[in-house]
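**Student:** If it helps, the file is called query_28.tsv and holds TSV, C-alpha atoms and all ligand atoms:
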```
chain	number	residue	atom	x	y	z
A	197	MET	CA	157.47	-58.10	-125.07
A	198	LEU	CA	158.41	-58.60	-128.73
A	199	PRO	CA	157.98	-55.94	-131.42
A	200	GLY	CA	155.52	-58.46	-132.96
A	201	PRO	CA	153.96	-60.85	-132.99
A	202	THR	CA	152.51	-59.72	-129.67
A	203	ASN	CA	150.51	-61.44	-126.90
A	204	VAL	CA	147.05	-62.57	-127.98
A	205	PRO	CA	144.16	-62.67	-125.44
A	206	GLU	CA	142.57	-66.06	-124.71
A	207	ARG	CA	139.27	-64.83	-126.15
A	208	VAL	CA	140.96	-64.22	-129.49
A	209	LEU	CA	142.70	-67.59	-129.49
A	210	ARG	CA	139.46	-69.38	-128.64
A	211	ALA	CA	137.66	-67.64	-131.51
A	212	MET	CA	139.82	-69.61	-133.95
A	213	PHE	CA	138.53	-72.99	-132.73
A	214	THR	CA	135.51	-73.18	-134.94
A	215	HIS	CA	134.27	-75.02	-138.01
A	216	ILE	CA	135.74	-73.98	-141.31
A	217	ILE	CA	132.80	-72.33	-143.03
A	218	ASN	CA	132.01	-71.90	-146.68
A	219	HIS	CA	133.50	-68.58	-147.75
A	220	ARG	CA	130.59	-68.15	-150.18
A	221	SER	CA	127.95	-68.39	-147.43
A	222	GLN	CA	125.87	-65.99	-145.37
A	223	ASP	CA	127.99	-66.94	-142.33
A	224	PHE	CA	131.01	-65.57	-144.12
A	225	VAL	CA	129.18	-62.38	-145.14
A	226	GLU	CA	128.38	-61.74	-141.46
A	227	LEU	CA	131.95	-62.44	-140.36
A	228	TYR	CA	133.63	-60.35	-143.06
A	229	THR	CA	131.29	-57.35	-142.93
A	230	GLU	CA	131.80	-57.12	-139.16
A	231	VAL	CA	135.56	-57.28	-139.69
A	232	ILE	CA	135.44	-54.51	-142.28
A	233	GLU	CA	133.10	-52.23	-140.28
A	234	LYS	CA	135.09	-52.61	-137.08
A	235	THR	CA	138.40	-52.10	-138.90
A	236	GLN	CA	136.95	-48.86	-140.32
A	237	GLN	CA	136.26	-47.72	-136.74
A	238	VAL	CA	139.80	-48.55	-135.64
A	239	PHE	CA	141.25	-46.77	-138.70
A	240	GLN	CA	138.77	-43.89	-138.08
A	241	THR	CA	137.76	-43.95	-141.72
A	242	LYS	CA	134.82	-44.35	-144.07
A	243	ASN	CA	137.21	-45.50	-146.80
A	244	ASP	CA	137.05	-48.95	-148.35
A	245	ILE	CA	139.01	-51.58	-146.45
A	246	VAL	CA	140.41	-54.88	-147.64
A	247	ALA	CA	141.45	-57.35	-144.93
A	248	LEU	CA	144.10	-59.25	-146.87
A	249	SER	CA	145.04	-62.78	-145.87
A	250	ALA	CA	148.74	-61.97	-145.89
A	251	SER	CA	151.44	-60.70	-143.56
A	252	GLY	CA	152.12	-56.95	-143.41
A	253	THR	CA	154.57	-57.12	-146.31
A	254	GLY	CA	151.76	-58.36	-148.56
A	255	ALA	CA	149.60	-55.32	-147.83
A	256	VAL	CA	152.60	-52.98	-148.23
A	257	GLU	CA	153.40	-54.60	-151.58
A	258	ALA	CA	149.72	-54.25	-152.61
A	259	SER	CA	149.94	-50.50	-151.93
A	260	VAL	CA	152.89	-50.29	-154.31
A	261	VAL	CA	151.70	-52.47	-157.20
A	262	ASN	CA	148.21	-50.95	-157.24
A	263	LEU	CA	149.25	-47.29	-157.18
A	264	ILE	CA	152.68	-46.91	-158.74
A	265	ARG	CA	153.77	-47.33	-162.35
A	266	LYS	CA	157.12	-47.07	-164.14
A	267	GLY	CA	158.53	-43.55	-164.02
A	268	ASP	CA	156.21	-42.26	-161.27
A	269	LYS	CA	157.94	-39.94	-158.85
A	270	VAL	CA	157.66	-41.00	-155.20
A	271	ILE	CA	159.05	-39.35	-152.04
A	272	ILE	CA	159.87	-41.59	-149.07
A	273	PRO	CA	161.85	-41.03	-145.85
A	274	VAL	CA	164.31	-43.91	-145.32
A	275	ASN	CA	166.08	-44.68	-142.04
A	276	GLY	CA	165.83	-48.39	-141.34
A	277	GLU	CA	164.93	-51.90	-142.48
A	278	PHE	CA	161.21	-51.40	-143.19
A	279	SER	CA	161.43	-48.00	-144.89
A	280	GLY	CA	164.40	-49.45	-146.85
A	281	ARG	CA	162.33	-52.45	-147.98
A	282	LEU	CA	159.46	-50.19	-149.02
A	283	ALA	CA	161.83	-47.97	-151.04
A	284	GLN	CA	163.19	-51.15	-152.67
A	285	MET	CA	159.67	-52.31	-153.64
A	286	LEU	CA	159.00	-48.88	-155.17
A	287	GLU	CA	162.24	-49.10	-157.16
A	288	TRP	CA	161.41	-52.61	-158.37
A	289	GLN	CA	158.09	-51.20	-159.55
A	290	GLY	CA	160.08	-48.77	-161.72
A	291	ALA	CA	159.33	-45.62	-159.70
A	292	ASN	CA	161.65	-42.62	-159.64
A	293	VAL	CA	162.26	-42.76	-155.88
A	294	ILE	CA	163.34	-39.63	-154.00
A	295	LYS	CA	164.74	-41.06	-150.76
A	296	LEU	CA	165.04	-38.74	-147.77
A	297	GLU	CA	167.76	-40.67	-146.00
A	298	THR	CA	168.62	-40.02	-142.36
A	299	PRO	CA	170.78	-42.04	-139.95
A	300	PRO	CA	169.00	-44.88	-138.12
A	301	GLY	CA	167.35	-43.58	-134.95
A	302	GLN	CA	166.60	-40.20	-136.50
A	303	ASN	CA	163.72	-39.07	-138.73
A	304	ALA	CA	163.70	-36.64	-141.64
A	305	THR	CA	162.19	-33.40	-140.32
A	306	PHE	CA	158.89	-32.03	-141.62
A	307	GLU	CA	160.91	-29.16	-143.16
A	308	GLN	CA	163.01	-31.68	-145.13
A	309	VAL	CA	159.86	-33.38	-146.38
A	310	LYS	CA	158.37	-30.01	-147.33
A	311	GLU	CA	161.53	-29.10	-149.23
A	312	ALA	CA	161.34	-32.38	-151.17
A	313	PHE	CA	157.74	-31.51	-152.14
A	314	ASP	CA	158.80	-27.97	-153.13
A	315	ASN	CA	161.54	-29.38	-155.37
A	316	ASN	CA	159.35	-32.09	-156.92
A	317	LYS	CA	156.05	-30.58	-157.93
A	318	ASP	CA	155.28	-33.58	-160.18
A	319	VAL	CA	155.41	-36.08	-157.29
A	320	LYS	CA	152.83	-38.87	-157.65
A	321	ALA	CA	152.90	-40.21	-154.07
A	322	PHE	CA	154.39	-39.81	-150.62
A	323	TYR	CA	155.09	-43.11	-148.87
A	324	VAL	CA	156.03	-43.20	-145.20
A	325	VAL	CA	156.68	-45.83	-142.56
A	326	HIS	CA	154.88	-44.46	-139.49
A	327	ASN	CA	156.90	-46.46	-137.02
A	328	GLU	CA	160.33	-47.84	-138.00
A	329	THR	CA	160.27	-51.11	-136.08
A	330	SER	CA	163.94	-51.86	-136.69
A	331	THR	CA	165.22	-48.81	-134.80
A	332	GLY	CA	162.34	-47.55	-132.63
A	333	THR	CA	161.54	-44.26	-134.35
A	334	GLN	CA	158.09	-42.83	-135.03
A	335	VAL	CA	157.18	-40.06	-137.47
A	336	LYS	CA	155.20	-37.50	-135.47
A	337	TYR	CA	154.06	-35.05	-138.14
A	338	LEU	CA	151.71	-37.29	-140.14
A	339	ASP	CA	148.86	-34.87	-139.34
A	340	LYS	CA	150.62	-32.17	-141.40
A	341	ILE	CA	151.47	-34.19	-144.51
A	342	SER	CA	148.14	-33.67	-146.29
A	343	SER	CA	148.95	-29.93	-146.52
A	344	LEU	CA	151.75	-31.04	-148.88
A	345	THR	CA	150.11	-33.95	-150.70
A	346	SER	CA	146.93	-31.98	-151.43
A	347	ARG	CA	149.00	-29.04	-152.76
A	348	ASN	CA	150.81	-31.35	-155.20
A	349	ASN	CA	147.79	-33.62	-155.74
A	350	ALA	CA	149.89	-36.61	-154.63
A	351	PHE	CA	148.71	-39.81	-152.97
A	352	TYR	CA	149.50	-40.19	-149.28
A	353	VAL	CA	150.42	-43.74	-148.18
A	354	VAL	CA	151.22	-44.80	-144.61
A	355	ASP	CA	152.70	-48.13	-143.46
A	356	SER	CA	151.59	-48.27	-139.83
A	357	VAL	CA	152.12	-52.02	-139.45
A	358	SER	CA	153.71	-51.66	-136.03
A	359	LEU	CA	151.64	-48.84	-134.53
A	360	LEU	CA	148.02	-48.47	-135.69
A	361	GLY	CA	145.71	-49.09	-132.73
A	362	GLY	CA	148.42	-48.01	-130.27
A	363	ALA	CA	148.72	-44.34	-131.27
A	364	GLU	CA	146.63	-41.63	-132.87
A	365	LEU	CA	146.18	-42.21	-136.62
A	366	PRO	CA	142.80	-40.89	-137.79
A	367	VAL	CA	142.89	-41.80	-141.48
A	368	ASP	CA	140.09	-39.51	-142.70
A	369	LYS	CA	141.04	-36.50	-140.57
A	370	TRP	CA	144.65	-36.72	-141.75
A	371	LYS	CA	143.54	-37.39	-145.37
A	372	ILE	CA	145.56	-40.59	-145.77
A	373	ASP	CA	144.80	-42.24	-149.12
A	374	VAL	CA	146.19	-45.66	-148.32
A	375	CYS	CA	146.86	-46.93	-144.82
A	376	ILE	CA	148.22	-50.35	-143.89
A	377	THR	CA	148.59	-52.30	-140.70
A	378	GLY	CA	149.17	-55.86	-139.53
A	379	ALA	CA	147.03	-57.90	-137.14
A	380	GLN	CA	149.96	-59.14	-135.06
A	381	LYS	CA	151.16	-55.87	-133.52
A	382	ALA	CA	149.12	-53.27	-131.62
A	383	LEU	CA	145.85	-54.98	-132.60
A	384	ALA	CA	146.90	-58.10	-130.63
A	385	ALA	CA	145.64	-60.72	-133.08
A	386	PRO	CA	147.55	-63.63	-134.64
A	387	PRO	CA	149.70	-62.82	-137.71
A	388	GLY	CA	148.25	-63.38	-141.18
A	389	ILE	CA	145.59	-60.69	-141.65
A	390	SER	CA	146.67	-57.27	-142.90
A	391	PRO	CA	144.06	-54.55	-143.45
A	392	ILE	CA	144.56	-51.82	-146.02
A	393	SER	CA	142.30	-48.77	-146.40
A	394	VAL	CA	141.89	-46.97	-149.72
A	395	SER	CA	140.38	-43.51	-150.27
A	396	PRO	CA	137.81	-42.93	-153.06
A	397	ARG	CA	140.32	-41.15	-155.31
A	398	ALA	CA	143.00	-43.84	-154.80
A	399	LYS	CA	140.35	-46.51	-155.43
A	400	LYS	CA	139.31	-44.81	-158.69
A	401	HIS	CA	142.94	-44.70	-159.77
A	402	MET	CA	143.42	-48.39	-158.94
A	403	ILE	CA	140.30	-49.45	-160.85
A	404	GLU	CA	141.32	-47.42	-163.91
A	405	ASN	CA	144.92	-48.73	-163.81
A	406	PRO	CA	144.67	-52.41	-162.84
A	407	PRO	CA	148.01	-54.02	-161.99
A	408	PRO	CA	149.30	-57.13	-163.83
A	409	THR	CA	148.82	-59.24	-160.71
A	410	MET	CA	146.07	-61.56	-159.51
A	411	TYR	CA	146.24	-61.96	-155.72
A	412	PHE	CA	147.04	-58.36	-154.81
A	413	ASN	CA	144.75	-56.71	-157.35
A	414	LEU	CA	142.74	-54.55	-154.92
A	415	ALA	CA	140.15	-53.55	-157.55
A	416	ARG	CA	139.11	-57.20	-157.61
A	417	TYR	CA	138.55	-57.13	-153.82
A	418	PHE	CA	136.45	-53.93	-154.08
A	419	LYS	CA	134.29	-55.49	-156.80
A	420	TYR	CA	133.66	-58.70	-154.84
A	421	TYR	CA	132.83	-56.77	-151.67
A	422	GLU	CA	130.43	-54.47	-153.49
A	423	GLU	CA	128.67	-57.31	-155.30
A	424	SER	CA	128.48	-59.99	-152.59
A	425	LYS	CA	130.50	-59.00	-149.47
A	426	HIS	CA	132.88	-61.82	-150.40
A	427	THR	CA	136.63	-61.85	-151.05
A	428	PRO	CA	137.88	-62.95	-154.48
A	429	PHE	CA	140.06	-65.74	-153.08
A	430	THR	CA	139.76	-68.19	-150.16
A	431	PRO	CA	140.56	-66.14	-147.04
A	432	ALA	CA	142.35	-67.42	-143.90
A	433	LEU	CA	139.05	-68.12	-142.13
A	434	PRO	CA	140.31	-69.02	-138.62
A	435	LEU	CA	142.45	-65.89	-138.63
A	436	LEU	CA	139.47	-63.75	-139.61
A	437	TYR	CA	137.52	-65.14	-136.63
A	438	ALA	CA	140.44	-64.27	-134.38
A	439	PHE	CA	140.83	-60.85	-135.93
A	440	ARG	CA	137.13	-60.07	-135.45
A	441	GLU	CA	137.41	-60.94	-131.76
A	442	ALA	CA	140.50	-58.75	-131.41
A	443	LEU	CA	138.61	-55.84	-133.00
A	444	ARG	CA	135.69	-56.35	-130.62
A	445	ILE	CA	138.09	-56.19	-127.67
A	446	ILE	CA	139.67	-52.98	-128.99
A	447	LEU	CA	136.29	-51.28	-129.37
A	448	GLU	CA	135.10	-52.53	-125.97
A	449	GLU	CA	138.17	-50.94	-124.40
A	450	GLY	CA	137.72	-47.82	-126.54
A	451	LEU	CA	140.33	-46.58	-128.99
A	452	ASP	CA	141.16	-43.47	-126.95
A	453	VAL	CA	141.63	-45.45	-123.74
A	454	ARG	CA	143.80	-47.97	-125.58
A	455	ILE	CA	145.98	-45.22	-127.05
A	456	ARG	CA	146.40	-43.61	-123.62
A	457	ARG	CA	147.33	-47.00	-122.14
A	458	HIS	CA	150.00	-47.51	-124.81
A	459	LYS	CA	151.45	-44.07	-124.14
A	460	ALA	CA	151.52	-44.55	-120.35
A	461	CYS	CA	153.17	-48.00	-120.65
A	462	SER	CA	155.66	-46.65	-123.16
A	463	ASP	CA	156.58	-43.67	-120.95
A	464	ALA	CA	156.97	-46.06	-118.00
A	465	LEU	CA	159.24	-48.41	-119.95
A	466	TYR	CA	161.44	-45.56	-121.21
A	467	SER	CA	161.73	-44.08	-117.69
A	468	GLY	CA	162.19	-47.36	-115.87
A	469	LEU	CA	164.74	-48.80	-118.30
A	470	SER	CA	166.65	-45.50	-118.37
A	471	GLY	CA	166.60	-45.70	-114.56
A	472	LEU	CA	168.56	-48.96	-114.90
A	473	GLY	CA	171.29	-47.11	-116.79
A	474	LEU	CA	170.17	-48.12	-120.30
A	475	THR	CA	169.96	-45.45	-123.01
A	476	PRO	CA	167.34	-45.39	-125.77
A	477	PHE	CA	168.79	-45.70	-129.29
A	478	ALA	CA	166.47	-43.21	-131.01
A	479	LYS	CA	166.76	-39.44	-130.82
A	480	GLU	CA	164.47	-38.20	-128.05
A	481	GLU	CA	161.92	-36.35	-130.19
A	482	ASP	CA	161.68	-39.25	-132.68
A	483	ARG	CA	161.21	-42.07	-130.16
A	484	SER	CA	158.52	-44.62	-130.88
A	485	ILE	CA	155.65	-45.32	-128.51
A	486	SER	CA	155.52	-49.00	-129.39
A	487	ILE	CA	159.17	-50.02	-129.92
A	488	ILE	CA	161.67	-49.19	-127.22
A	489	ALA	CA	165.12	-49.76	-128.75
A	490	LEU	CA	167.95	-49.60	-126.20
A	491	ASN	CA	171.72	-49.50	-126.61
A	492	TYR	CA	173.56	-52.42	-125.07
A	493	LEU	CA	175.79	-51.52	-122.16
A	494	GLU	CA	179.53	-51.88	-122.77
A	495	GLY	CA	180.44	-55.60	-122.79
A	496	LEU	CA	176.84	-56.85	-122.59
A	497	GLU	CA	176.50	-59.74	-125.05
A	498	ASP	CA	173.24	-59.88	-127.03
A	499	ASN	CA	172.52	-63.64	-127.05
A	500	THR	CA	173.54	-64.23	-123.42
A	501	PHE	CA	171.42	-61.29	-122.26
A	502	ARG	CA	168.29	-62.21	-124.23
A	503	ASN	CA	168.59	-65.94	-123.50
A	504	THR	CA	168.93	-65.31	-119.76
A	505	LEU	CA	165.96	-62.96	-119.83
A	506	ALA	CA	163.90	-65.55	-121.72
A	507	LYS	CA	164.95	-68.67	-119.81
A	508	LYS	CA	165.12	-67.35	-116.25
A	509	PHE	CA	162.31	-64.77	-116.40
A	510	ARG	CA	160.18	-65.78	-119.42
A	511	VAL	CA	160.43	-62.27	-120.85
A	512	LEU	CA	161.06	-62.15	-124.61
A	513	VAL	CA	162.66	-59.12	-126.23
A	514	ALA	CA	164.13	-58.79	-129.74
A	515	GLY	CA	167.67	-58.07	-130.96
A	516	GLY	CA	168.77	-55.48	-133.50
A	517	PHE	CA	168.59	-55.65	-137.31
A	518	GLY	CA	171.53	-55.66	-139.76
A	519	ASN	CA	174.47	-53.67	-138.46
A	520	LEU	CA	172.57	-52.88	-135.24
A	521	LYS	CA	172.70	-56.60	-134.38
A	522	GLY	CA	174.48	-56.95	-131.04
A	523	LYS	CA	174.32	-53.18	-130.50
A	524	VAL	CA	170.68	-52.71	-129.51
A	525	PHE	CA	167.76	-54.73	-128.19
A	526	ARG	CA	164.10	-53.90	-128.70
A	527	VAL	CA	161.21	-54.09	-126.26
A	528	GLY	CA	157.73	-54.13	-127.78
A	529	CYS	CA	155.01	-52.05	-126.11
A	530	MET	CA	152.00	-53.06	-128.15
A	531	GLY	CA	148.58	-54.62	-127.86
A	532	GLU	CA	148.14	-56.48	-124.58
A	533	VAL	CA	150.57	-54.37	-122.58
A	534	HIS	CA	149.53	-53.34	-119.09
A	535	ARG	CA	151.12	-52.31	-115.77
A	536	TYR	CA	151.95	-55.97	-115.05
A	537	HIS	CA	154.01	-56.38	-118.27
A	538	VAL	CA	155.83	-53.09	-117.76
A	539	MET	CA	156.81	-53.72	-114.12
A	540	ARG	CA	157.75	-57.33	-114.74
A	541	THR	CA	159.89	-56.43	-117.77
A	542	ILE	CA	161.79	-53.73	-115.89
A	543	SER	CA	162.44	-55.96	-112.88
A	544	ALA	CA	163.43	-58.96	-115.07
A	545	ILE	CA	165.85	-56.83	-117.11
A	546	SER	CA	167.27	-55.43	-113.88
A	547	SER	CA	167.80	-58.90	-112.38
A	548	THR	CA	169.36	-60.16	-115.62
A	549	LEU	CA	171.78	-57.22	-115.65
A	550	ASN	CA	172.67	-57.95	-112.01
A	551	MET	CA	173.28	-61.62	-112.83
A	552	MET	CA	175.63	-60.51	-115.60
A	553	GLY	CA	177.63	-58.33	-113.24
A	554	TYR	CA	176.06	-54.89	-113.77
A	555	LYS	CA	174.83	-52.99	-110.71
A	556	THR	CA	171.28	-51.64	-111.00
A	557	ASN	CA	168.71	-50.23	-108.62
A	558	THR	CA	165.45	-52.08	-109.28
A	559	VAL	CA	163.41	-50.28	-106.65
A	560	ASP	CA	164.19	-46.82	-108.00
A	561	ALA	CA	163.56	-47.92	-111.59
A	562	LEU	CA	160.17	-49.39	-110.68
A	563	GLN	CA	159.28	-46.27	-108.76
A	564	VAL	CA	159.89	-43.93	-111.72
A	565	ALA	CA	157.93	-46.31	-113.94
A	566	GLU	CA	154.99	-46.45	-111.52
A	567	GLU	CA	154.90	-42.66	-111.52
A	568	LYS	CA	154.09	-42.77	-115.29
A	569	LEU	CA	151.45	-45.44	-114.79
A	570	LYS	CA	149.56	-43.81	-111.98
A	571	ASN	CA	146.68	-42.62	-114.19
A	572	LEU	CA	146.05	-46.06	-115.68
A	601	LIG	C1	156.81	-51.08	-140.18
A	601	LIG	C2	156.69	-52.46	-140.73
A	601	LIG	N1	156.33	-52.63	-142.01
A	601	LIG	C3	156.19	-53.86	-142.53
A	601	LIG	C4	156.42	-54.99	-141.79
A	601	LIG	C5	156.29	-56.32	-142.39
A	601	LIG	O1	155.31	-57.08	-141.77
A	601	LIG	P1	155.30	-58.67	-141.84
A	601	LIG	O2	156.50	-59.16	-141.13
A	601	LIG	O3	153.99	-58.99	-141.17
A	601	LIG	O4	155.29	-59.04	-143.28
A	601	LIG	C6	156.80	-54.85	-140.45
A	601	LIG	C7	157.07	-56.04	-139.61
A	601	LIG	O5	157.57	-55.96	-138.51
A	601	LIG	C8	156.93	-53.56	-139.92
A	601	LIG	O6	157.29	-53.40	-138.64
```
Would you mind giving the structure from this file in structure tokens?

**Tutor:**
Amino acid sequence: MLPGPTNVPERVLRAMFTHIINHRSQDFVELYTEVIEKTQQVFQTKNDIVALSASGTGAVEASVVNLIRKGDKVIIPVNGEFSGRLAQMLEWQGANVIKLETPPGQNATFEQVKEAFDNNKDVKAFYVVHNETSTGTQVKYLDKISSLTSRNNAFYVVDSVSLLGGAELPVDKWKIDVCITGAQKALAAPPGISPISVSPRAKKHMIENPPPTMYFNLARYFKYYEESKHTPFTPALPLLYAFREALRIILEEGLDVRIRRHKACSDALYSGLSGLGLTPFAKEEDRSISIIALNYLEGLEDNTFRNTLAKKFRVLVAGGFGNLKGKVFRVGCMGEVHRYHVMRTISAISSTLNMMGYKTNTVDALQVAEEKLKNL
């Protein structure tokens, strides 16, 4: 139950046990084109996609170095580790970064974002972390952002590393120019492949303004794909086999069904864990579907709690980041998460709390959780 990497189905693991093929062969063309076409379906886009052999940070960095130049004005909400890192990358790139800072656990409102656009008509891009994995918040107005970006003719870039595939994010409908995710979260594949989609106008901009970088030069990937359906550099072949299998599973389940399953499991975890007396860290309206961050009860020690949960019940959850270390723990609700995982996590957390001297009512907590799962 980690916020990534998440559980990987056997079928996906088995797909990696195969010969290492020539990445300049017809076998590779078949593998990679299927990956790209199926990723487009999951992103709900006709835009170009590059499946980078890199962790999520690589794809996020690619979105910065390919689009932003010294002096460009960029707006970005910042309220945690990953939005902070992205703002840092933009600053290193020389951008004039307008940070909309809010306390961890709380998002900038749409009105605050709109005001920033009103005050900065010359903005070149809006960058946003869809789901702040460090604190368990999710931005819920991404559908409205294109009304601002199109008015100012700005690029719209979304880091959805820890949510895409587990919540609604139709890239074309919401007019997202660049969208990024990672294989190891809601897509339930091993880490190491990170897809990035690029709209025609962002692609044109990238081709006309190539970055002084080799590996993350996206224009190079577009050219190779157009000419031969290859990648410019040797890709992580076993991971691409695994990723293709994960995409097949997602489309067999159906994206809508998968999104509904994530929501039901998330609602059940929030209700059940609250029923044990735990309180979510994030403000109610900003709470993430895929990361349930909970405040530690008074006197509950982080390492002892998580080690007991792991050793006695084989349930893994994550601690907090930076100054939230020891104050919160995070339960992932992504990818292969079903009724079984939800019920087992709630009962294991309840038993662990009991073992550590806190009184909880497991039966009641499971009952409120089951209520949320009844349509699954
Ligand atoms: C929102 C977000 N962005 C970027 C990253 C970085 O991804 P990676 O650790 O795969 O480099 C993460 C990782 O958890 C994330 O949650």

**Student:** Let me make sure I understand: among A:Tyr352, A:Tyr228, A:Tyr323, A:Tyr492, which one has the smallest atom-to-atom distance to ligand LIG 601 (chain A) if we use only C-alpha atoms and all ligand atoms?

**Tutor:**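 With only C-alpha atoms and all ligand atoms as the atom set, the closest residue is A:Tyr323.
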
**Student:** I'd like the contact shell of stretch 312-314 of chain A - 12 Å cut-off, all atoms listed in the file, skipping same-chain residues fewer than 4 positions apart - returned as a PyMOL selection string.

**Tutor:** chain A and resi 269-273+293-297+304-308+318-322+341-350

**Student:** So which residues touch stretch 244-253 of chain A within 9 Å, counting all atoms listed in the file, skipping near sequence neighbours fewer than 6 positions away, as a ChimeraX atom specification?

**Tutor:** /A:228,231-233,235-236,282,355,357,376-380,387-396,399,412,414,417-418,421,427,430-433,435-436

**Student:** Between A:Val325, A:Leu198, A:Leu338, A:Ala398, which has the minimum distance to ligand LIG 601 (chain A) (counting all atoms listed in the file)?

**Tutor:** A:Val325

**Student:** For atom CA of A:Ala291 and atom CA of A:Leu520, quote the distance in Å rounded to one decimal.

**Tutor:**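 Separating atom CA of A:Ala291 from atom CA of A:Leu520 is a distance of 28.7 Å.
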
**Student:** What's around A:Ser546 at 12 Å? Count only C-alpha atoms, leave out sequence neighbours fewer than 2 positions away in its own chain, and write the answer as a PDB file with C-alpha atoms, keeping the file's coordinate frame.

**Tutor:**
```
ATOM      1  CA  GLY A 468     162.190 -47.360-115.870  1.00  0.00           C
ATOM      2  CA  LEU A 469     164.740 -48.800-118.300  1.00  0.00           C
ATOM      3  CA  SER A 470     166.650 -45.500-118.370  1.00  0.00           C
ATOM      4  CA  GLY A 471     166.600 -45.700-114.560  1.00  0.00           C
ATOM      5  CA  LEU A 472     168.560 -48.960-114.900  1.00  0.00           C
ATOM      6  CA  GLY A 473     171.290 -47.110-116.790  1.00  0.00           C
ATOM      7  CA  LEU A 474     170.170 -48.120-120.300  1.00  0.00           C
ATOM      8  CA  PHE A 501     171.420 -61.290-122.260  1.00  0.00           C
ATOM      9  CA  THR A 504     168.930 -65.310-119.760  1.00  0.00           C
ATOM     10  CA  LEU A 505     165.960 -62.960-119.830  1.00  0.00           C
ATOM     11  CA  PHE A 509     162.310 -64.770-116.400  1.00  0.00           C
ATOM     12  CA  VAL A 511     160.430 -62.270-120.850  1.00  0.00           C
ATOM     13  CA  MET A 539     156.810 -53.720-114.120  1.00  0.00           C
ATOM     14  CA  ARG A 540     157.750 -57.330-114.740  1.00  0.00           C
ATOM     15  CA  THR A 541     159.890 -56.430-117.770  1.00  0.00           C
ATOM     16  CA  ILE A 542     161.790 -53.730-115.890  1.00  0.00           C
ATOM     17  CA  SER A 543     162.440 -55.960-112.880  1.00  0.00           C
ATOM     18  CA  ALA A 544     163.430 -58.960-115.070  1.00  0.00           C
ATOM     19  CA  THR A 548     169.360 -60.160-115.620  1.00  0.00           C
ATOM     20  CA  LEU A 549     171.780 -57.220-115.650  1.00  0.00           C
ATOM     21  CA  ASN A 550     172.670 -57.950-112.010  1.00  0.00           C
ATOM     22  CA  MET A 551     173.280 -61.620-112.830  1.00  0.00           C
ATOM     23  CA  MET A 552     175.630 -60.510-115.600  1.00  0.00           C
ATOM     24  CA  GLY A 553     177.630 -58.330-113.240  1.00  0.00           C
ATOM     25  CA  TYR A 554     176.060 -54.890-113.770  1.00  0.00           C
ATOM     26  CA  LYS A 555     174.830 -52.990-110.710  1.00  0.00           C
ATOM     27  CA  THR A 556     171.280 -51.640-111.000  1.00  0.00           C
ATOM     28  CA  ASN A 557     168.710 -50.230-108.620  1.00  0.00           C
ATOM     29  CA  THR A 558     165.450 -52.080-109.280  1.00  0.00           C
ATOM     30  CA  VAL A 559     163.410 -50.280-106.650  1.00  0.00           C
ATOM     31  CA  ASP A 560     164.190 -46.820-108.000  1.00  0.00           C
ATOM     32  CA  ALA A 561     163.560 -47.920-111.590  1.00  0.00           C
ATOM     33  CA  LEU A 562     160.170 -49.390-110.680  1.00  0.00           C
TER      34      LEU A 562
END
```

**Student:** Just the residues within 12 Å of A:Gln237, please, counting all atoms listed in the file, with nothing from its chain fewer than 6 positions along; format it as an NGL selection string.

**Tutor:** :A and (230-231 or 243-245 or 360-361 or 365-368 or 393 or 443-444 or 446-448 or 450-452)
